[in-house]
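Below is one structure; the comments refer to it alone.
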Amino acid sequence: MKSKLFVVMCAAMGIALSGNTSAQNVSQTVSTSAIKIENAYTRATMPGQQVAGGFMKIENKGNSTDQLLSANSPIAGEVQLHEMAMEGNVMKMRQVKDIAVPAGGAVELKPGGLHLMFMNIKAPLSAGETVPVKLKFAKAGEVEVKMPVNAMGQNAKH
């Protein structure tokens, strides 16, 4: 149990400390009638690393708020919705039930904030690969995204 907590904490620190890193590859834009996904990506992992973050911009072009309810991917045993926030001088990460996407607005899943957490990764993620992820929204239903795997520490090219 302590080793699992250690792995999650290491991943949390990696996500928090890499705030200036964004998608190096131009990812696909995925749209439904109301939801648009842009700049989706994850990062390469080290051998034995069991967790990784997933990041993207989600736009809601609809007239009512939608919620991202869950995500899944064949590369991980579980994908959780997470948020990171500073509480005093302590960075805290926790799972959230859903992520609201306001009508006519957008939400950013990014390092140091809201993000996907790939848990129990089945094999290391290598730069240049693509990770399939299904996002489940309350109103828009399922949306499949192909996330490029970027090298660790690569600077942004938006």
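Ligands are numbered from 1 in the order shown, residues from 1 within each chain, and chains are lettered A, B, ... in the order they appear in the structure tokens.
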I'd like the contact shell of Gly105 (chain A) - 8 Å cut-off, only C-alpha atoms, skipping same-chain residues fewer than 6 positions apart - returned as an MDAnalysis selection string.
chainID A and resid 59:61
Report as a list in words all protein, DNA and RNA residues lying within 7 Å of Lys146 (chain A), evaluated on only C-alpha atoms, omitting residues in the same chain fewer than 6 positions from it.
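Within the cut-off, the hits are Thr130, Val131, Pro132 and Val133 of chain A.
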Taking N, CA and C atoms for each residue, export the selection above as an mmCIF file, in the first residue's frame.
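To be explicit, this is the file written out as out27.cif:
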data_model
loop_
_atom_site.group_PDB
_atom_site.id
_atom_site.type_symbol
_atom_site.label_atom_id
_atom_site.label_comp_id
_atom_site.auth_asym_id
_atom_site.auth_seq_id
_atom_site.Cartn_x
_atom_site.Cartn_y
_atom_site.Cartn_z
ATOM 1 N N THR A 130 0.639 6.559 -30.055
ATOM 2 C CA THR A 130 -0.671 7.177 -29.879
ATOM 3 C C THR A 130 -1.480 6.304 -28.932
ATOM 4 N N VAL A 131 -2.159 6.943 -27.987
ATOM 5 C CA VAL A 131 -2.964 6.244 -26.986
ATOM 6 C C VAL A 131 -4.444 6.500 -27.261
ATOM 7 N N PRO A 132 -5.246 5.435 -27.481
ATOM 8 C CA PRO A 132 -6.685 5.632 -27.651
ATOM 9 C C PRO A 132 -7.366 5.796 -26.292
ATOM 10 N N VAL A 133 -8.237 6.792 -26.186
ATOM 11 C CA VAL A 133 -8.965 7.054 -24.944
ATOM 12 C C VAL A 133 -10.423 7.331 -25.292
#
What does the distance between CA of Lys134 (chain A) and CA of Gly153 (chain A) come to in Å, to one decimal place?
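CA of Lys134 (chain A) sits 25.7 Å away from CA of Gly153 (chain A).
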Each residue of region 58-105 of chain A with at least one atom at most 6 Å from region 109-115 of chain A should appear once, together with its nearest atom pair and the corresponding distance in Å (one decimal); atoms considered: only C-alpha atoms; ordering: chain, then increasing residue number; output as a Markdown table.
| residue | atom | partner | partner_atom | distance |
| --- | --- | --- | --- | --- |
| A:His82 | CA | A:His115 | CA | 5.4 |
| A:Glu83 | CA | A:Leu114 | CA | 4.2 |
| A:Met84 | CA | A:Gly113 | CA | 4.7 |
Selection to disk with N, CA, C and O atoms, as a compact mmCIF listing (two decimals), in the first residue's frame:
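The resulting file, out10.txt, is shown below:
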# COMPACT_ATOMS: atom_id res chain seq x y z
N HIS A 82 -9.00 13.49 -12.24
CA HIS A 82 -8.28 14.02 -11.08
C HIS A 82 -8.19 15.53 -11.12
O HIS A 82 -8.31 16.15 -12.19
N GLU A 83 -7.93 16.10 -9.95
CA GLU A 83 -7.57 17.51 -9.86
C GLU A 83 -6.40 17.65 -8.90
O GLU A 83 -6.25 16.85 -7.97
N MET A 84 -5.57 18.63 -9.17
CA MET A 84 -4.46 18.97 -8.28
C MET A 84 -4.67 20.41 -7.86
O MET A 84 -5.11 21.24 -8.66
Fewer than 6 positions away in the same chain doesn't count, so skip those; otherwise give me all residues within 6 Å of region 50-58 of chain A, counting only C-alpha atoms, as a list in words.
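The neighbour list is Lys36, Ile37, Glu38, Asn39, Ala40, Tyr41, Thr42, Ala106, Val107, Glu108, Leu109, Lys110, His115, Leu116, Met117, Phe118, Met119, Asn120 and Ile121 of chain A.
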Point-to-point distance in Å for CA of Gly48 (chain A) and CA of Met152 (chain A):
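Interatomic distance, CA of Met152 (chain A) to CA of Gly48 (chain A): 15.4 Å.
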Nearest to Ser126 (chain A) among A:Gln49, A:Ala100, A:Leu81, A:Val149, with distances taken over only C-alpha atoms: which residue is it?
A:Val149
Have a look at CA of Pro102 (chain A) and CA of Ser33 (chain A) and let me know their distance in Å, one decimal.
14.9 Å
